[in-house]
>>> print(open('structure_17.cif').read())   # mmCIF, C-alpha atoms and all ligand atoms
data_protein
#
loop_
_atom_site.label_atom_id
_atom_site.label_comp_id
_atom_site.auth_asym_id
_atom_site.auth_seq_id
_atom_site.Cartn_x
_atom_site.Cartn_y
_atom_site.Cartn_z
CA MET A 23 -53.99 114.44 173.30
CA SER A 24 -55.95 117.66 173.47
CA ASP A 25 -56.02 119.83 170.39
CA VAL A 26 -56.14 123.01 172.51
CA ARG A 27 -52.59 124.30 172.79
CA LYS A 28 -51.36 124.35 176.36
CA ILE A 29 -50.06 127.60 177.80
CA PRO A 30 -46.30 127.33 178.31
CA ALA A 31 -44.93 128.13 181.76
CA THR A 32 -41.29 128.78 182.51
CA ILE A 33 -39.99 128.16 186.00
CA VAL A 34 -37.08 130.44 186.88
CA THR A 35 -35.27 129.09 189.89
CA GLY A 36 -31.82 129.48 191.47
CA PHE A 37 -30.32 130.10 194.89
CA LEU A 38 -30.79 133.33 196.88
CA GLY A 39 -29.40 136.29 194.99
CA ALA A 40 -28.35 134.36 191.86
CA GLY A 41 -30.06 136.91 189.62
CA LYS A 42 -33.57 135.55 188.99
CA THR A 43 -35.43 138.87 189.26
CA THR A 44 -32.78 140.57 187.12
CA LEU A 45 -33.23 137.91 184.45
CA VAL A 46 -37.05 138.09 184.54
CA ARG A 47 -36.86 141.85 184.25
CA HIS A 48 -34.65 141.63 181.20
CA LEU A 49 -36.89 138.99 179.69
CA MET A 50 -39.87 141.31 180.07
CA THR A 51 -38.13 143.95 177.97
CA GLN A 52 -38.50 141.46 175.11
CA ALA A 53 -42.18 140.68 175.64
CA ASN A 54 -43.08 142.61 172.47
CA GLY A 55 -46.73 142.83 173.37
CA ARG A 56 -47.02 139.17 174.32
CA ARG A 57 -49.29 138.69 177.36
CA ILE A 58 -46.91 137.30 179.96
CA ALA A 59 -48.02 136.77 183.55
CA ILE A 60 -45.42 136.61 186.30
CA ILE A 61 -45.85 134.68 189.52
CA VAL A 62 -43.18 135.71 191.97
CA ASN A 63 -42.40 134.08 195.28
CA GLU A 64 -39.91 135.40 197.75
CA PHE A 65 -38.39 134.19 201.01
CA GLY A 66 -38.60 137.16 203.37
CA SER A 67 -41.57 139.35 203.99
CA LEU A 68 -41.04 142.69 202.25
CA GLY A 69 -42.19 141.63 198.76
CA ILE A 70 -39.20 143.35 197.16
CA ASP A 71 -39.01 141.21 194.03
CA GLY A 72 -42.61 141.99 193.11
CA GLU A 73 -42.04 145.66 193.76
CA THR A 74 -38.83 145.67 191.70
CA LEU A 75 -40.68 144.19 188.75
CA ARG A 76 -43.79 146.36 189.08
CA SER A 77 -41.76 149.55 189.31
CA CYS A 78 -39.40 148.74 186.44
CA GLY A 79 -41.51 150.65 183.95
CA ILE A 80 -41.29 147.87 181.40
CA GLU A 81 -44.44 147.19 179.44
CA GLY A 82 -45.98 143.98 180.72
CA CYS A 83 -44.79 144.43 184.29
CA GLU A 84 -47.95 146.23 185.36
CA GLU A 85 -49.75 145.37 188.56
CA GLU A 86 -52.31 143.06 186.94
CA ASN A 87 -49.66 140.86 185.34
CA ILE A 88 -47.69 140.18 188.51
CA VAL A 89 -48.94 137.88 191.23
CA GLU A 90 -46.97 137.73 194.43
CA LEU A 91 -47.02 134.62 196.58
CA ALA A 92 -45.47 135.96 199.70
CA ASN A 93 -46.11 133.31 202.31
CA GLY A 94 -43.30 130.84 202.56
CA CYS A 95 -41.76 128.98 199.67
CA LEU A 96 -43.72 127.99 196.58
CA CYS A 97 -42.66 124.41 196.92
CA CYS A 98 -44.31 124.15 200.34
CA THR A 99 -47.47 126.09 199.50
CA VAL A 100 -48.28 124.46 196.20
CA ALA A 101 -51.77 123.29 197.11
CA ASP A 102 -52.84 126.32 199.11
CA GLU A 103 -51.40 129.13 197.06
CA PHE A 104 -49.92 128.12 193.76
CA LEU A 105 -52.77 126.05 192.35
CA PRO A 106 -55.53 128.60 193.08
CA THR A 107 -53.30 131.32 191.61
CA MET A 108 -52.76 129.33 188.43
CA GLN A 109 -56.44 128.54 188.20
CA ALA A 110 -57.31 132.23 188.53
CA LEU A 111 -54.82 133.17 185.80
CA LEU A 112 -56.17 130.52 183.46
CA ASP A 113 -59.76 131.58 184.10
CA ARG A 114 -59.11 135.20 183.12
CA PRO A 115 -61.18 136.33 180.15
CA ASN A 116 -57.88 136.97 178.42
CA PRO A 117 -55.53 134.30 179.76
CA PRO A 118 -51.78 134.84 179.53
CA GLU A 119 -49.87 133.56 176.53
CA HIS A 120 -46.91 132.62 178.68
CA ILE A 121 -46.48 132.29 182.44
CA LEU A 122 -43.19 133.03 184.19
CA ILE A 123 -42.77 131.68 187.69
CA GLU A 124 -39.89 133.04 189.74
CA THR A 125 -39.40 130.78 192.73
CA SER A 126 -37.84 131.89 195.97
CA GLY A 127 -34.13 131.26 196.26
CA LEU A 128 -34.78 128.47 198.74
CA ALA A 129 -37.47 126.66 196.79
CA LEU A 130 -37.07 123.13 195.56
CA PRO A 131 -38.41 123.14 192.02
CA LYS A 132 -39.57 119.52 191.88
CA PRO A 133 -42.76 119.80 193.98
CA LEU A 134 -43.70 122.78 191.85
CA ILE A 135 -43.12 120.86 188.60
CA LYS A 136 -45.23 118.03 190.03
CA ALA A 137 -48.09 120.44 190.60
CA PHE A 138 -48.45 120.77 186.84
CA ASN A 139 -49.83 117.24 186.84
CA TRP A 140 -52.82 118.27 188.92
CA PRO A 141 -56.16 117.88 187.21
CA GLY A 142 -57.34 121.21 185.86
CA ILE A 143 -53.76 122.40 185.44
CA ARG A 144 -52.33 119.55 183.40
CA SER A 145 -54.86 119.93 180.62
CA ARG A 146 -54.20 123.64 180.21
CA VAL A 147 -50.56 124.40 181.03
CA THR A 148 -47.21 122.73 180.46
CA VAL A 149 -43.79 123.45 181.91
CA ASP A 150 -41.97 124.79 178.89
CA GLY A 151 -38.72 124.71 180.83
CA VAL A 152 -37.01 125.02 184.18
CA VAL A 153 -34.35 127.72 183.95
CA THR A 154 -31.89 127.54 186.82
CA VAL A 155 -29.89 130.70 187.44
CA VAL A 156 -26.51 130.12 189.06
CA ASP A 157 -24.43 132.69 190.91
CA GLY A 158 -21.10 131.99 189.17
CA PRO A 159 -18.80 133.70 191.69
CA ALA A 160 -20.60 132.07 194.64
CA VAL A 161 -20.00 128.62 193.13
CA ALA A 162 -16.39 129.55 192.32
CA ALA A 163 -15.90 130.57 195.95
CA GLY A 164 -17.15 127.17 197.12
CA ARG A 165 -20.34 128.52 198.67
CA PHE A 166 -22.28 125.34 197.92
CA ALA A 167 -19.45 122.85 198.22
CA ASP A 168 -19.67 120.06 200.69
CA ASP A 169 -16.91 119.23 203.04
CA PRO A 170 -15.62 116.18 201.06
CA GLU A 171 -14.66 114.21 204.17
CA ALA A 172 -18.01 114.72 205.83
CA VAL A 173 -19.81 113.64 202.67
CA ALA A 174 -17.63 110.56 202.26
CA ALA A 175 -18.36 109.56 205.85
CA GLN A 176 -22.05 110.13 205.40
CA ARG A 177 -22.23 108.27 202.10
CA ALA A 178 -20.39 105.35 203.69
CA ALA A 179 -23.15 105.18 206.27
CA ASP A 180 -26.03 105.87 203.91
CA GLU A 181 -26.03 105.58 200.14
CA SER A 182 -28.85 108.09 199.63
CA LEU A 183 -28.34 111.43 197.95
CA ASP A 184 -28.95 113.32 201.16
CA HIS A 185 -26.26 115.18 202.94
CA ASP A 186 -25.98 117.62 205.70
CA ASN A 187 -25.26 120.89 203.97
CA PRO A 188 -28.51 122.79 203.49
CA LEU A 189 -27.05 125.22 200.95
CA ALA A 190 -25.68 122.41 198.82
CA GLU A 191 -28.98 120.53 198.98
CA VAL A 192 -31.06 123.41 197.72
CA TYR A 193 -28.50 124.39 195.08
CA GLU A 194 -28.16 120.83 193.76
CA ASP A 195 -31.93 120.26 193.72
CA GLN A 196 -32.32 123.38 191.63
CA LEU A 197 -29.60 122.20 189.23
CA MET A 198 -31.00 118.70 188.93
CA SER A 199 -34.40 120.05 187.88
CA ALA A 200 -32.98 122.28 185.17
CA ASP A 201 -33.67 122.23 181.45
CA LEU A 202 -31.32 125.16 181.00
CA VAL A 203 -28.69 126.55 183.34
CA VAL A 204 -27.80 130.24 183.24
CA LEU A 205 -24.28 130.77 184.53
CA ASN A 206 -24.88 134.32 185.71
CA LYS A 207 -22.56 137.07 186.97
CA SER A 208 -19.99 136.16 184.30
CA ASP A 209 -18.60 139.67 184.71
CA LEU A 210 -17.23 138.53 188.06
CA LEU A 211 -15.48 135.40 186.76
CA ASP A 212 -12.26 135.06 184.82
CA THR A 213 -12.07 132.55 182.00
CA ALA A 214 -10.50 129.80 184.10
CA GLU A 215 -13.06 130.19 186.87
CA ALA A 216 -15.91 130.23 184.38
CA GLY A 217 -14.61 126.98 182.85
CA ARG A 218 -14.30 125.33 186.25
CA VAL A 219 -17.81 126.38 187.35
CA ARG A 220 -19.25 125.16 184.06
CA GLU A 221 -17.58 121.75 184.57
CA GLU A 222 -18.88 121.53 188.13
CA ILE A 223 -22.40 122.29 186.98
CA THR A 224 -22.30 119.74 184.19
CA ALA A 225 -20.96 117.11 186.57
CA ALA A 226 -23.75 117.77 189.07
CA ILE A 227 -26.57 117.12 186.59
CA PRO A 228 -27.09 113.50 185.58
CA ARG A 229 -28.30 114.35 182.04
CA ALA A 230 -27.13 116.67 179.29
CA VAL A 231 -28.30 120.20 180.00
CA LYS A 232 -27.15 123.31 178.19
CA VAL A 233 -25.26 125.90 180.25
CA VAL A 234 -25.27 129.48 178.96
CA ALA A 235 -23.23 132.30 180.44
CA ALA A 236 -24.86 135.65 181.18
CA GLU A 237 -24.24 139.05 182.69
CA ASN A 238 -27.16 140.54 184.57
CA GLY A 239 -29.39 137.84 183.12
CA ARG A 240 -29.15 139.42 179.70
CA LEU A 241 -30.16 136.63 177.38
CA ASP A 242 -32.31 136.54 174.31
CA ALA A 243 -35.89 135.46 175.02
CA ALA A 244 -35.45 132.84 172.30
CA VAL A 245 -32.80 131.15 174.44
CA LEU A 246 -34.96 131.07 177.57
CA LEU A 247 -38.45 130.44 176.22
CA GLY A 248 -39.79 127.80 173.87
CA LEU A 249 -37.72 124.92 175.29
CA GLU A 250 -40.79 122.68 175.03
CA ALA A 251 -39.45 120.43 177.77
CA ALA A 252 -42.82 119.30 179.21
CA ALA A 253 -40.95 118.90 182.48
CA GLU A 254 -44.04 117.57 184.25
CA ASP A 255 -43.79 114.41 182.11
CA ASP A 256 -40.16 113.95 182.94
CA LEU A 257 -39.98 113.95 186.73
CA ALA A 258 -37.96 110.77 187.02
CA ALA A 259 -35.04 112.43 185.20
CA ARG A 260 -34.91 115.14 187.87
CA PRO A 261 -33.66 113.60 191.09
CA SER A 262 -34.07 115.51 194.34
CA HIS A 263 -32.53 115.23 197.78
CA HIS A 264 -36.09 115.22 199.03
CA ASP A 265 -37.54 112.47 196.83
CA ALA A 266 -37.90 110.17 199.83
CA GLU A 267 -39.89 112.83 201.67
CA ASP A 268 -42.13 113.41 198.67
CA GLY A 269 -40.95 116.99 198.40
CA ALA A 270 -41.75 117.96 201.95
CA HIS A 271 -39.25 120.29 203.47
CA GLU A 272 -39.70 122.91 206.07
CA HIS A 273 -37.02 125.47 205.35
CA ASP A 274 -36.08 125.22 208.98
CA ASP A 275 -32.45 125.38 207.89
CA PHE A 276 -32.93 129.04 206.95
CA ARG A 277 -34.37 132.07 208.69
CA SER A 278 -35.34 135.53 207.61
CA PHE A 279 -36.34 138.63 209.52
CA VAL A 280 -36.75 142.33 208.83
CA ALA A 281 -34.25 144.69 210.49
CA VAL A 282 -34.90 148.39 210.91
CA MET A 283 -32.28 150.87 209.74
CA PRO A 284 -32.21 154.55 210.71
CA GLU A 285 -31.82 157.36 208.18
CA ALA A 286 -28.24 157.17 206.92
CA PRO A 287 -25.75 159.92 206.06
CA SER A 288 -24.94 158.37 202.64
CA PRO A 289 -25.45 155.27 200.48
CA GLU A 290 -21.84 154.33 201.17
CA ALA A 291 -22.52 154.35 204.92
CA VAL A 292 -25.47 152.00 204.40
CA VAL A 293 -23.43 149.58 202.34
CA ALA A 294 -20.42 149.72 204.68
CA ARG A 295 -22.60 148.85 207.65
CA LEU A 296 -24.53 146.05 205.94
CA ARG A 297 -21.36 144.58 204.45
CA ALA A 298 -19.72 144.48 207.87
CA VAL A 299 -22.78 142.72 209.29
CA ALA A 300 -22.92 140.25 206.38
CA GLU A 301 -19.28 139.34 206.86
CA ALA A 302 -19.45 139.08 210.64
CA HIS A 303 -22.57 136.87 210.61
CA ASP A 304 -22.25 134.96 207.34
CA VAL A 305 -25.52 136.43 206.06
CA LEU A 306 -26.67 134.92 202.75
CA ARG A 307 -28.89 137.69 201.49
CA MET A 308 -30.02 141.20 202.41
CA LYS A 309 -32.34 143.52 200.53
CA GLY A 310 -34.32 146.51 201.52
CA TYR A 311 -35.08 150.20 201.29
CA VAL A 312 -33.34 152.87 203.35
CA ALA A 313 -33.71 156.65 203.75
CA VAL A 314 -30.66 158.83 203.14
CA GLU A 315 -30.40 162.25 204.76
CA GLY A 316 -31.39 165.08 202.43
CA LYS A 317 -32.53 162.70 199.67
CA PRO A 318 -36.15 162.65 198.55
CA MET A 319 -35.54 159.29 196.85
CA ARG A 320 -35.54 155.92 198.54
CA LEU A 321 -32.32 153.90 198.44
CA GLU A 322 -32.71 150.30 197.35
CA VAL A 323 -29.91 148.15 198.64
CA GLN A 324 -29.18 144.52 197.72
CA GLY A 325 -26.54 142.22 199.13
CA VAL A 326 -25.54 138.68 198.21
CA GLY A 327 -23.04 137.58 200.82
CA ALA A 328 -20.74 140.58 201.18
CA ARG A 329 -21.32 141.88 197.62
CA PHE A 330 -23.65 144.87 197.52
CA ARG A 331 -25.39 146.99 194.92
CA HIS A 332 -27.48 150.06 195.56
CA GLY A 333 -29.48 152.71 193.72
CA PHE A 334 -32.26 155.20 194.34
CA ASP A 335 -35.45 153.55 193.14
CA ARG A 336 -38.28 156.04 193.71
CA ALA A 337 -39.28 159.05 195.78
CA TRP A 338 -40.68 158.45 199.24
CA THR A 339 -44.36 159.18 198.87
CA PRO A 340 -46.01 161.94 200.92
CA GLY A 341 -47.09 160.51 204.23
CA GLU A 342 -44.83 157.46 203.88
CA ALA A 343 -42.54 157.03 206.86
CA ARG A 344 -38.90 157.30 205.79
CA ALA A 345 -38.24 154.06 207.59
CA GLY A 346 -35.39 151.87 206.51
CA ARG A 347 -36.18 148.16 206.43
CA VAL A 348 -33.86 145.40 205.37
CA VAL A 349 -34.68 141.70 204.99
CA VAL A 350 -31.90 139.52 206.35
CA ILE A 351 -31.66 135.84 205.36
CA ALA A 352 -29.17 133.44 206.86
CA GLN A 353 -28.89 129.89 208.07
CA THR A 354 -30.81 129.08 211.20
CA GLY A 355 -28.80 129.92 214.25
CA MET A 356 -27.77 133.39 213.13
CA ASP A 357 -27.63 135.89 215.99
CA GLU A 358 -30.74 137.86 215.04
CA ALA A 359 -30.54 140.21 218.00
CA ALA A 360 -26.92 141.16 217.31
CA ILE A 361 -27.63 141.67 213.61
CA ALA A 362 -30.75 143.74 214.30
CA ASP A 363 -28.88 145.90 216.83
CA ALA A 364 -25.96 146.49 214.48
CA ILE A 365 -28.27 147.56 211.65
CA ALA A 366 -30.48 149.71 213.91
CA ALA A 367 -27.63 151.59 215.65
CA PRO A 368 -27.55 155.36 215.12
CA PHE A 369 -25.07 156.32 212.40
CA THR A 370 -23.28 158.68 214.75
CA ALA A 371 -21.92 155.55 216.41
CA ASP A 372 -20.17 154.55 213.15
CA ALA A 373 -18.66 158.02 212.83
CA ALA A 374 -17.41 157.88 216.41
CA ALA A 375 -15.91 154.44 215.81
CA ALA A 376 -14.16 155.70 212.66
CA VAL A 377 -12.70 158.65 214.60
CA ALA A 378 -11.59 156.36 217.42
CA ALA A 379 -9.96 154.03 214.91
CA GLY A 380 -7.95 156.96 213.71
N1 LIG B 401 -22.16 141.77 189.12
C1 LIG B 401 -23.34 141.21 188.83
N2 LIG B 401 -24.37 141.39 189.66
C2 LIG B 401 -25.56 140.83 189.32
C3 LIG B 401 -25.72 140.08 188.13
N3 LIG B 401 -27.01 139.65 188.08
C4 LIG B 401 -27.62 140.12 189.19
N4 LIG B 401 -26.75 140.84 189.95
C5 LIG B 401 -27.01 141.52 191.23
O1 LIG B 401 -27.18 140.51 192.21
C6 LIG B 401 -28.16 140.91 193.16
C7 LIG B 401 -29.25 139.87 193.24
O2 LIG B 401 -29.97 139.86 192.00
P1 LIG B 401 -31.50 139.42 191.94
O3 LIG B 401 -31.90 139.43 190.51
O4 LIG B 401 -32.30 140.21 192.90
O5 LIG B 401 -31.37 137.94 192.47
P2 LIG B 401 -32.55 136.91 192.84
O6 LIG B 401 -32.06 135.58 192.44
O7 LIG B 401 -33.84 137.37 192.27
O8 LIG B 401 -32.58 137.05 194.43
P3 LIG B 401 -33.62 136.39 195.49
O9 LIG B 401 -35.00 136.61 194.92
O10 LIG B 401 -33.39 137.11 196.75
O11 LIG B 401 -33.28 134.95 195.60
C8 LIG B 401 -28.65 142.28 192.72
O12 LIG B 401 -27.93 143.25 193.42
C9 LIG B 401 -28.32 142.31 191.25
O13 LIG B 401 -28.13 143.61 190.76
C10 LIG B 401 -24.59 139.91 187.26
O14 LIG B 401 -24.62 139.23 186.22
N5 LIG B 401 -23.42 140.51 187.67
#
>>> encode(input="structure_17.cif", output="structure tokens", more="lines below")
Ligand SMILES: Nc1nc2c(ncn2[C@@H]2O[C@H](COP(=O)(O)OP(=O)(O)OP(=O)(O)O)[C@@H](O)[C@H]2O)c(=O)[nH]1
Amino acid sequence: MSDVRKIPATIVTGFLGAGKTTLVRHLMTQANGRRIAIIVNEFGSLGIDGETLRSCGIEGCEEENIVELANGCLCCTVADEFLPTMQALLDRPNPPEHILIETSGLALPKPLIKAFNWPGIRSRVTVDGVVTVVDGPAVAAGRFADDPEAVAAQRAADESLDHDNPLAEVYEDQLMSADLVVLNKSDLLDTAEAGRVREEITAAIPRAVKVVAAENGRLDAAVLLGLEAAAEDDLAARPSHHDAEDGAHEHDDFRSFVAVMPEAPSPEAVVARLRAVAEAHDVLRMKGYVAVEGKPMRLEVQGVGARFRHGFDRAWTPGEARAGRVVVIAQTGMDEAAIADAIAAPFTADAAAAVAAG
């Protein structure tokens, strides 16, 4: 055992839109001068999570403390991207006191936890805990539920954990790696639903793991950090649907692309259009920045399924094109052309349709 204290790292994982960035942002408000580095990985190419954190104005979220790993999912780029990034952080003259890693919503945490056993990393860092953020209302709505008959048929043919629902696989892998589960978006659950979701979560994890409820990821840092789980020593207790493949998975079940959106007459018009598209095409996640007529500020818009939030985040900078761009993430097979066309249509078309509809 080394007498040099290892730097604790917390892995924040959870499905697309569960509230990981919101939680990390809140956590950073409690940094109290502690040197915390954030590694953020996003599925979709606009780098919005990194930008959200950098622009939040919270001490500690400055440029130099946030490293974005934008290419693909952390779990698939461990050797090429994650390890060199960790090495660089550790080799800083003033290394971080804590490292927060926000995975993409489609990442499987286990290959990432395994990476902490690599020589050069293992001796200097430990996984303090895997915090899995769960979108309470999405679970309550059965978003990750398998079709019970299909699963029964599949299990009868093959006893392995694997099944054919890509959402369920990612969600369950994230749960099974957890040291702490955050049941987020409690504001959108009634007591009975919250109880049911909590039971479902507990049943899905084969060991005792604490589940804490949260709204907008607002939890005390003392709850989230200092779990001292040493997860890298405990891989066997964290089963994965991909154990047989040694963590390899290609994300070919999911696709993302960037759609262009013209300047909009109002924030409401942006949300109405994106919500209609999300519902018509079963889109999992949208996020982007859009220009609104007469507004010097940029509108940030975020959708999880058909639930949207928006707000003006910053002024368009001089010389910056007021171009609206929205990342769209859905299961493979989505009609990208139809979605792109619907988002890119001039807004006058919506007005005409509203008039025609009476
Ligand atoms: N009502 C409600 N909305 C929330 C809560 N937490 C987060 N949100 C909203 O949910 C959306 C997604 O939150 P994020 O923090 O970006 O989620 P994420 O897990 O980082 O998303 P990805 O990185 O895309 O996987 C945003 O619009 C948030 O404002 C919550 O507790 N209640």
>>> residues_near_ligand(input="structure_17.cif", ligand="ligand LIG 401 (chain B)", cutoff="9 Å", atoms="all atoms listed in the file", output="PDB file with C-alpha atoms, in the frame of the given file")
ATOM      1  CA  THR A  35     -35.270 129.090 189.890  1.00  0.00           C
ATOM      2  CA  GLY A  36     -31.820 129.480 191.470  1.00  0.00           C
ATOM      3  CA  PHE A  37     -30.320 130.100 194.890  1.00  0.00           C
ATOM      4  CA  LEU A  38     -30.790 133.330 196.880  1.00  0.00           C
ATOM      5  CA  GLY A  39     -29.400 136.290 194.990  1.00  0.00           C
ATOM      6  CA  ALA A  40     -28.350 134.360 191.860  1.00  0.00           C
ATOM      7  CA  GLY A  41     -30.060 136.910 189.620  1.00  0.00           C
ATOM      8  CA  LYS A  42     -33.570 135.550 188.990  1.00  0.00           C
ATOM      9  CA  THR A  43     -35.430 138.870 189.260  1.00  0.00           C
ATOM     10  CA  THR A  44     -32.780 140.570 187.120  1.00  0.00           C
ATOM     11  CA  LEU A  45     -33.230 137.910 184.450  1.00  0.00           C
ATOM     12  CA  VAL A  46     -37.050 138.090 184.540  1.00  0.00           C
ATOM     13  CA  ARG A  47     -36.860 141.850 184.250  1.00  0.00           C
ATOM     14  CA  VAL A  62     -43.180 135.710 191.970  1.00  0.00           C
ATOM     15  CA  ASN A  63     -42.400 134.080 195.280  1.00  0.00           C
ATOM     16  CA  GLU A  64     -39.910 135.400 197.750  1.00  0.00           C
ATOM     17  CA  PHE A  65     -38.390 134.190 201.010  1.00  0.00           C
ATOM     18  CA  GLY A  66     -38.600 137.160 203.370  1.00  0.00           C
ATOM     19  CA  ILE A  70     -39.200 143.350 197.160  1.00  0.00           C
ATOM     20  CA  ASP A  71     -39.010 141.210 194.030  1.00  0.00           C
ATOM     21  CA  THR A  74     -38.830 145.670 191.700  1.00  0.00           C
ATOM     22  CA  GLU A 124     -39.890 133.040 189.740  1.00  0.00           C
ATOM     23  CA  THR A 125     -39.400 130.780 192.730  1.00  0.00           C
ATOM     24  CA  SER A 126     -37.840 131.890 195.970  1.00  0.00           C
ATOM     25  CA  GLY A 127     -34.130 131.260 196.260  1.00  0.00           C
ATOM     26  CA  LEU A 128     -34.780 128.470 198.740  1.00  0.00           C
ATOM     27  CA  VAL A 155     -29.890 130.700 187.440  1.00  0.00           C
ATOM     28  CA  VAL A 156     -26.510 130.120 189.060  1.00  0.00           C
ATOM     29  CA  ASP A 157     -24.430 132.690 190.910  1.00  0.00           C
ATOM     30  CA  GLY A 158     -21.100 131.990 189.170  1.00  0.00           C
ATOM     31  CA  LEU A 205     -24.280 130.770 184.530  1.00  0.00           C
ATOM     32  CA  ASN A 206     -24.880 134.320 185.710  1.00  0.00           C
ATOM     33  CA  LYS A 207     -22.560 137.070 186.970  1.00  0.00           C
ATOM     34  CA  SER A 208     -19.990 136.160 184.300  1.00  0.00           C
ATOM     35  CA  ASP A 209     -18.600 139.670 184.710  1.00  0.00           C
ATOM     36  CA  LEU A 210     -17.230 138.530 188.060  1.00  0.00           C
ATOM     37  CA  ALA A 236     -24.860 135.650 181.180  1.00  0.00           C
ATOM     38  CA  GLU A 237     -24.240 139.050 182.690  1.00  0.00           C
ATOM     39  CA  ASN A 238     -27.160 140.540 184.570  1.00  0.00           C
ATOM     40  CA  GLY A 239     -29.390 137.840 183.120  1.00  0.00           C
ATOM     41  CA  ARG A 240     -29.150 139.420 179.700  1.00  0.00           C
ATOM     42  CA  ARG A 307     -28.890 137.690 201.490  1.00  0.00           C
ATOM     43  CA  MET A 308     -30.020 141.200 202.410  1.00  0.00           C
ATOM     44  CA  LYS A 309     -32.340 143.520 200.530  1.00  0.00           C
ATOM     45  CA  VAL A 323     -29.910 148.150 198.640  1.00  0.00           C
ATOM     46  CA  GLN A 324     -29.180 144.520 197.720  1.00  0.00           C
ATOM     47  CA  GLY A 325     -26.540 142.220 199.130  1.00  0.00           C
ATOM     48  CA  VAL A 326     -25.540 138.680 198.210  1.00  0.00           C
ATOM     49  CA  ARG A 329     -21.320 141.880 197.620  1.00  0.00           C
ATOM     50  CA  PHE A 330     -23.650 144.870 197.520  1.00  0.00           C
ATOM     51  CA  ARG A 331     -25.390 146.990 194.920  1.00  0.00           C
ATOM     52  CA  HIS A 332     -27.480 150.060 195.560  1.00  0.00           C
ATOM     53  CA  ILE A 351     -31.660 135.840 205.360  1.00  0.00           C
TER      54      ILE A 351
END
>>> closest_residue(input="structure_17.cif", among="A:Ala328, A:Leu91, A:Ala360, A:Val149", to="A:Leu134", atoms="all atoms listed in the file")
A:Val149
>>> atom_distance(input="structure_17.cif", atom1="atom CA of A:Val192", atom2="atom CA of A:Asp265")
12.7 Å
>>> closest_residue(input="structure_17.cif", among="A:Ala352, A:Thr148, A:Leu247, A:Asp335", to="A:Arg76", atoms="only C-alpha atoms")
A:Asp335
>>> residues_near_point(input="structure_17.cif", point="(-23.6, 161.1, 208.1)", cutoff="9 Å", atoms="all atoms listed in the file", output="list of chain:residue names")
A:Ala286, A:Pro287, A:Ser288, A:Ala291, A:Val314, A:Glu315, A:Phe369, A:Thr370, A:Asp372, A:Ala373
>>> atom_distance(input="structure_17.cif", atom1="atom CA of A:Ala243", atom2="atom CA of A:His48")
8.8 Å
>>> atom_distance(input="structure_17.cif", atom1="atom CA of A:Pro261", atom2="atom CA of A:Lys232")
17.4 Å
>>> closest_residue(input="structure_17.cif", among="A:Val161, A:Asp363, A:Pro188, A:Ala259", to="A:Asp274", atoms="all atoms listed in the file")
A:Pro188
>>> residues_around(input="structure_17.cif", residues="A:Leu257", least_positions_apart="5", cutoff="10 Å", atoms="all atoms listed in the file", output="list in words")
Lys132, Pro133, Ile135, Lys136, Ser199, Ala252 and Ser262 of chain A
>>> write_last_selection(input="structure_17.cif", atoms="C-alpha atoms", output="CSV table (one decimal), in the coordinates of the input")
chain,number,residue,atom,x,y,z
A,132,LYS,CA,-39.6,119.5,191.9
A,133,PRO,CA,-42.8,119.8,194.0
A,135,ILE,CA,-43.1,120.9,188.6
A,136,LYS,CA,-45.2,118.0,190.0
A,199,SER,CA,-34.4,120.0,187.9
A,252,ALA,CA,-42.8,119.3,179.2
A,262,SER,CA,-34.1,115.5,194.3
>>> residues_near_point(input="structure_17.cif", point="(-41.6, 128.2, 186.8)", cutoff="6 Å", atoms="only C-alpha atoms", output="list of chain:residue names")
A:Thr32, A:Ile33, A:Val34, A:Leu122, A:Ile123, A:Glu124
>>> write_last_selection(input="structure_17.cif", atoms="C-alpha atoms", output="compact mmCIF listing (two decimals), in the coordinates of the input")
# COMPACT_ATOMS: atom_id res chain seq x y z
CA THR A 32 -41.29 128.78 182.51
CA ILE A 33 -39.99 128.16 186.00
CA VAL A 34 -37.08 130.44 186.88
CA LEU A 122 -43.19 133.03 184.19
CA ILE A 123 -42.77 131.68 187.69
CA GLU A 124 -39.89 133.04 189.74
>>> closest_residue(input="structure_17.cif", among="A:Ala59, A:Leu321, A:Ala244, A:Ala129", to="A:Glu191", atoms="all atoms listed in the file")
A:Ala129
